[in-house]
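Quick notes on the structure that follows.
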Amino acid sequence: MAMFQGYGGTGPAYDEMFDGDTLRPPYLRLRESLEQMTTPELVSRVEALQASYLDQGVTFDIGGEERAFPLDILPRVIEQDTWSTMEAGVQQRVKTLELFLADVYDAGRVFDDGVIPRRVITTSSHYHRASANVRPPNGVRVHVSGIDLIRDNAGEFRVLEDNVRVPSGVSYVMTNRRAISAALPETIAEHRIRPVAGYPQRLLAALRAAAPAGVTDPNIVVLTPGVYNGAYFEHALLARTMGVELVEGRDLECRRGRVMMRTTQGLAPVHVIYRRIDDEFLDPVHFRADSILGCPGMIDAARAGNVTLANAVGNGVADDKLVYTYMPDIIRYYLNEEPILKNVDTWRVGDADAREEVLDRLDELVLKPVDGSGGKGIVIGPRASKAELDELRVKVLEDPRSWIAQPVVQLSTVPTFVDGELGPRHVDLRPFAVNDGNRVWVLPGGLTRVALAKGELIVNSSRGGGSKDTWVLAGPVTPPEPIEAAARGPEPEVLEDIVEPEPVEPAPPSTPAPAAPAGPAITSMHEQAEQQQQARARTTGRDDVTGGTSC
Amino acid sequence: MLSRIAESMFWIGRYVERAEDTARILDVQTQMILEDATLDQDEICHGLLSIMGVEDTPEHVDLSYVLNTLAYDPTSPVSIAAAIGAARESARRARETLSVPLWEVINTANRDIVSGQFGARRAPGVFQWVRERAALINGTADATMTRDEGWQFLMLGRCVERADMTSRLVATASITSSTTAQWTNTLRACGAYEAFLRTYRGQETERAAAEFLLLDRLFPRSVVFSLNRAEVCLDNLESSGQRAGFQNDAQRLLGRTRAELEYRSLSDVVADLPSEMERLQRTCALATEAVTRRFFAGSEAQSWLGMGSN
């Protein structure tokens, strides 16, 4: 009983477990199960959890130093219904982004119809002519995406930003689940949780479906910048769990418009490249001439249709901050639907009427440069000094078009175990979606990042952030039934059936989950555990810091 | 298999073996110095460092300098700490191809070094620790790896390194002029003393000990045994079904050296043991170069300048 005593949500932020003193329904069983545990017992489990991540090398790199990825022992729980809405919202978003990209790199109807000004795109540094008029084999450009969500003070999920270039962090979703299954087997056993282990197979299927025309058994590789990249752990885990080669640029070579890899038996053809390198570094012929991370000739090979790059080159125009402000209109335009997930309120400072209001309220808003990356140039009004605000005002007036403004959004909080006690900490969520051309599949849950410092809104790992296992319940919330729960026993990690399009029908808690084949389940669990901690790395995400602040 | 991964596997094999064998050599030598106060410590230390390929040594070196250089100091390229660190780096680069348990045992060994626990261990306990970690890594590899190309490269690296290091171990036995205790200790370091006594029915002579460590076809740490295994690995990798001769330079080099050792008279071989052993080490280095050319070509870092000059 003691565990949650004295836990108090602070400030206006929405707490996901408690509504004042009342427990919210999704957390009924979690509390029930955790309260049977003493704090010292919990502490010992936390220690075992941390040691397992270090031994398995679940790490991320900051400035060349490897660190273990902090994982909080308390999971975050999302109800079935809430999740269905989020899932539909993410799918809608990804479908729209696909249509938008196809249009932008083709006829540009969206400009002609006045939904978004053409200059927004043509001035974007992520617009690549090399991609114009290139139709990917199965029409997919956004094979993998991460749509960052936050929960506002009313508890409503909103989109903070779209990531359709090289979103990272999915490995930690898998390793976190594996590690929490080991740390809290009894608790896991009392819940029916949608599994996350199926992700690599989904991704592999999507990559196979994206193979160039006429290739029936494509050779797929994961392209990594190398061992010093912050997300290297993730690259290795994905390659391993998909059973494909993990290559670096120097392993590749272009010959007569085809990409080959160097093996001990000579050159072997490559058909699909799941690249985890930014556009600019892919091909020194087209982009940065000094890049040695990519392979010269790759873009031409892709344009010729001999190799598929996933995600496609030039996707950056769609997840640009300025385009983000037009997303609701873009969704209505292509799908003729209302957006299921709202944006965070955003002003384009370039619009005259918005500018006035923004300049008036500089001290209470967050200003973000449109082209900024990695949180650079962001000014959080309430935390800025007078001088900083004055400087900002000058900069904004000089070039209003390159700024957007957002209110400071309090991220929702979830109980987190820090320094021996439970306290509310701010979280965000990145669900991952895989598009195989027929269907956009969303990994149940996603990566929850948590700011471990009290009151901190920045969840980024380089700023002391951690992650949480995220449970999507596979049935309606029912009150705990101790007897049945005890009879079921622990049931860690169940391999997801890949073919089944995820049944969402409520299943009674007494139904035992299908037995998993021991061998593969164990390996995949191991691998997952390794990856979970790294979710924070996300070096690729240009906007790690902002992702968290969401101010 | 990717050339780069093959190279990583080869070097995992080599570094793990190097860590283990360095520990064995140091074990013998530290014990020697402790047991026999009449020995010239300076001479032994200098001899040891030179056999391990350390140049530029200060004029006076003592045991703690040697232990630091060859065991504890991670910045010294010939130390055990550096070898384990390098094995782990190679493993990290090939992580997606290693079995998870294999990665974990290599990673935990390295964690011990990074965390400083390794540095806190004293001789001879530290040597025991290194041997155990190596046994754990090799055993895990043996139990979990498929016998594919990766395995062959791992074994190849291990065998080439073992031949090289056994030759160094044999060379250290002749640093101090002729004490039989030296050979006894050398055999002990390989865990071969009892096997040796059984094989030679208790006859303890330097000649017999040298023969056992160099030429025994059944003892797994002997030079001939290691070279034989390395040749088998290369053969498996090539599998060209060639009827005459060898295409592979590495195979040719190793095979010729093994044949020379085996077919020359023992007196001839042991006449000038130190230079004979040096020759063997050169062969191992050349064979490594040949393997690199043949299998890992193109895996070295490339750089290109300016547009389109690929």
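Naming scheme: A, B, ... for chains in displayed order of the structure tokens; residues 1 onward per chain; ligands 1 onward as shown.
With only C-alpha atoms taken into account, the protein and nucleic acid residues at most 6 Å from stretch 436-452 of chain A (excluding it and anything under 6 positions from it in its own chain) are Gln91, Val140, Val173, Ala206, His426, Val427, Asp428, Leu429, Arg430, Ile458, Val459, Gly465, Gly466, Ser467, Lys468, Thr470 and Val472 of chain A.
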As a VMD selection string, please: the residues near stretch 52-56 of chain B (cut-off 10 Å, only C-alpha atoms, same-chain neighbours under 6 positions excluded). chain B and resid 22 25 46 69 to 70 76 to 79 165 168 to 169 171 to 172
Pull the strand (DSSP E) assignments for stretch 215-366 of chain A out of DSSP run on the backbone, and list those residues as a ChimeraX atom specification. /A:220-223,245-247,252-255,258-263,266-269,272-275,308-310,342-343,347-348,365-366
Write the residues of the selection above to a file with C-alpha atoms, as a PDB file, in the first residue's frame.
```pdb
ATOM      1  CA  ILE A 220      18.098  -6.828 -48.198  1.00  0.00           C
ATOM      2  CA  VAL A 221      20.659  -4.953 -46.135  1.00  0.00           C
ATOM      3  CA  VAL A 222      20.619  -2.471 -43.275  1.00  0.00           C
ATOM      4  CA  LEU A 223      22.991   0.406 -43.954  1.00  0.00           C
ATOM      5  CA  GLU A 245      23.422  -8.157 -43.442  1.00  0.00           C
ATOM      6  CA  LEU A 246      24.372  -4.997 -41.611  1.00  0.00           C
ATOM      7  CA  VAL A 247      26.575  -3.044 -44.002  1.00  0.00           C
ATOM      8  CA  LEU A 252      29.099  -1.369 -50.863  1.00  0.00           C
ATOM      9  CA  GLU A 253      30.168  -0.635 -54.379  1.00  0.00           C
ATOM     10  CA  CYS A 254      28.228   0.499 -57.410  1.00  0.00           C
ATOM     11  CA  ARG A 255      28.851  -1.331 -60.649  1.00  0.00           C
ATOM     12  CA  ARG A 258      23.710  -1.649 -59.505  1.00  0.00           C
ATOM     13  CA  VAL A 259      24.664  -1.711 -55.864  1.00  0.00           C
ATOM     14  CA  MET A 260      26.840  -4.625 -54.813  1.00  0.00           C
ATOM     15  CA  MET A 261      28.300  -5.646 -51.477  1.00  0.00           C
ATOM     16  CA  ARG A 262      31.764  -7.031 -50.932  1.00  0.00           C
ATOM     17  CA  THR A 263      31.716 -10.524 -49.539  1.00  0.00           C
ATOM     18  CA  GLY A 266      33.231 -11.598 -54.296  1.00  0.00           C
ATOM     19  CA  LEU A 267      30.509  -9.054 -55.068  1.00  0.00           C
ATOM     20  CA  ALA A 268      26.888  -9.864 -54.330  1.00  0.00           C
ATOM     21  CA  PRO A 269      23.918  -7.790 -55.541  1.00  0.00           C
ATOM     22  CA  VAL A 272      16.742  -3.164 -50.920  1.00  0.00           C
ATOM     23  CA  ILE A 273      18.676  -0.893 -48.589  1.00  0.00           C
ATOM     24  CA  TYR A 274      17.109  -0.025 -45.279  1.00  0.00           C
ATOM     25  CA  ARG A 275      19.338   2.925 -44.758  1.00  0.00           C
ATOM     26  CA  THR A 308      15.167   0.507 -53.422  1.00  0.00           C
ATOM     27  CA  LEU A 309      16.105   2.890 -50.676  1.00  0.00           C
ATOM     28  CA  ALA A 310      13.963   2.782 -47.570  1.00  0.00           C
ATOM     29  CA  LYS A 342      -4.803  17.091 -33.611  1.00  0.00           C
ATOM     30  CA  ASN A 343      -1.611  19.069 -33.959  1.00  0.00           C
ATOM     31  CA  TRP A 347       1.441  29.760 -35.224  1.00  0.00           C
ATOM     32  CA  ARG A 348       3.331  30.436 -38.406  1.00  0.00           C
ATOM     33  CA  LEU A 365       5.521  30.832 -26.041  1.00  0.00           C
ATOM     34  CA  VAL A 366       8.122  28.514 -27.465  1.00  0.00           C
TER      35      VAL A 366
END
```
Give me, as a VMD selection string, the contact residues of chain A against chain B at a cut-off of 10 Å, counting only C-alpha atoms. chain A and resid 54 to 57 226 to 228 232 to 233 235 to 254 261 to 268 283 to 293 295 to 297 523 to 524 526 to 527 530
Near-B:Thr199 list (10 Å; only C-alpha atoms; drop same-chain fewer than 6 positions) as a PyMOL selection string: chain B and resi 193+208+212+216
Using only C-alpha atoms, determine which residues lie at most 10 Å from A:Val307, disregarding the query and same-chain residues fewer than 4 positions distant; provide the list as a compact mmCIF listing (two decimals) with N, CA and C atoms, in the first residue's frame.
```
# COMPACT_ATOMS: atom_id res chain seq x y z
N PRO A 136 8.67 4.97 -56.59
CA PRO A 136 9.20 3.78 -55.93
C PRO A 136 8.42 2.54 -56.35
N PRO A 137 9.08 1.37 -56.36
CA PRO A 137 8.49 0.14 -56.89
C PRO A 137 7.07 -0.15 -56.43
N ALA A 210 9.04 -4.00 -51.11
CA ALA A 210 9.52 -2.80 -51.79
C ALA A 210 10.62 -3.11 -52.81
N ALA A 211 10.90 -4.39 -53.02
CA ALA A 211 12.00 -4.76 -53.92
C ALA A 211 11.75 -4.27 -55.34
N PRO A 212 12.82 -3.99 -56.08
CA PRO A 212 12.66 -3.56 -57.46
C PRO A 212 11.89 -4.59 -58.28
N ALA A 213 11.23 -4.12 -59.31
CA ALA A 213 10.41 -4.99 -60.14
C ALA A 213 11.22 -6.17 -60.65
N PRO A 218 14.63 -10.78 -52.96
CA PRO A 218 15.57 -9.67 -52.86
C PRO A 218 16.62 -9.86 -51.76
N ASN A 219 17.78 -9.30 -52.03
CA ASN A 219 18.84 -9.25 -51.02
C ASN A 219 18.67 -7.94 -50.27
N ILE A 220 18.39 -8.02 -48.98
CA ILE A 220 18.10 -6.83 -48.20
C ILE A 220 19.26 -6.55 -47.25
N GLY A 257 25.43 0.75 -62.48
CA GLY A 257 24.08 1.11 -62.05
C GLY A 257 23.46 0.17 -61.05
N ARG A 258 24.23 -0.76 -60.54
CA ARG A 258 23.71 -1.65 -59.51
C ARG A 258 24.56 -1.54 -58.26
N VAL A 259 23.91 -1.76 -57.12
CA VAL A 259 24.66 -1.71 -55.86
C VAL A 259 25.06 -3.14 -55.49
N MET A 260 26.33 -3.30 -55.18
CA MET A 260 26.84 -4.63 -54.81
C MET A 260 27.48 -4.53 -53.43
N PRO A 269 24.85 -8.89 -55.29
CA PRO A 269 23.92 -7.79 -55.54
C PRO A 269 23.07 -7.44 -54.31
N VAL A 270 22.71 -6.17 -54.22
CA VAL A 270 21.84 -5.69 -53.14
C VAL A 270 20.59 -5.10 -53.79
N HIS A 271 19.43 -5.46 -53.28
CA HIS A 271 18.19 -4.97 -53.90
C HIS A 271 17.44 -3.94 -53.08
N VAL A 272 17.45 -4.12 -51.77
CA VAL A 272 16.74 -3.16 -50.92
C VAL A 272 17.69 -2.72 -49.81
N ILE A 273 17.81 -1.41 -49.64
CA ILE A 273 18.68 -0.89 -48.59
C ILE A 273 17.82 -0.17 -47.56
N MET A 298 24.92 5.35 -55.57
CA MET A 298 23.72 4.72 -55.02
C MET A 298 22.43 5.39 -55.49
N ILE A 299 22.47 6.73 -55.54
CA ILE A 299 21.27 7.46 -55.94
C ILE A 299 20.92 7.15 -57.39
N ASP A 300 21.94 7.10 -58.25
CA ASP A 300 21.65 6.78 -59.65
C ASP A 300 21.08 5.38 -59.77
N ALA A 301 21.61 4.46 -58.98
CA ALA A 301 21.09 3.09 -59.01
C ALA A 301 19.63 3.07 -58.58
N ALA A 302 19.32 3.91 -57.59
CA ALA A 302 17.93 3.96 -57.10
C ALA A 302 17.02 4.60 -58.17
N ARG A 303 17.52 5.65 -58.80
CA ARG A 303 16.72 6.31 -59.85
C ARG A 303 16.48 5.37 -61.01
```
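Atom to atom, atom CA of A:Gln406 and atom CA of A:Ser124 stand 20.5 Å apart.
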Let me make sure I understand: among A:Leu204, A:Ala183, A:Val104, A:Val90, which one has the smallest atom-to-atom distance to A:Pro117 if we use only C-alpha atoms? A:Val104
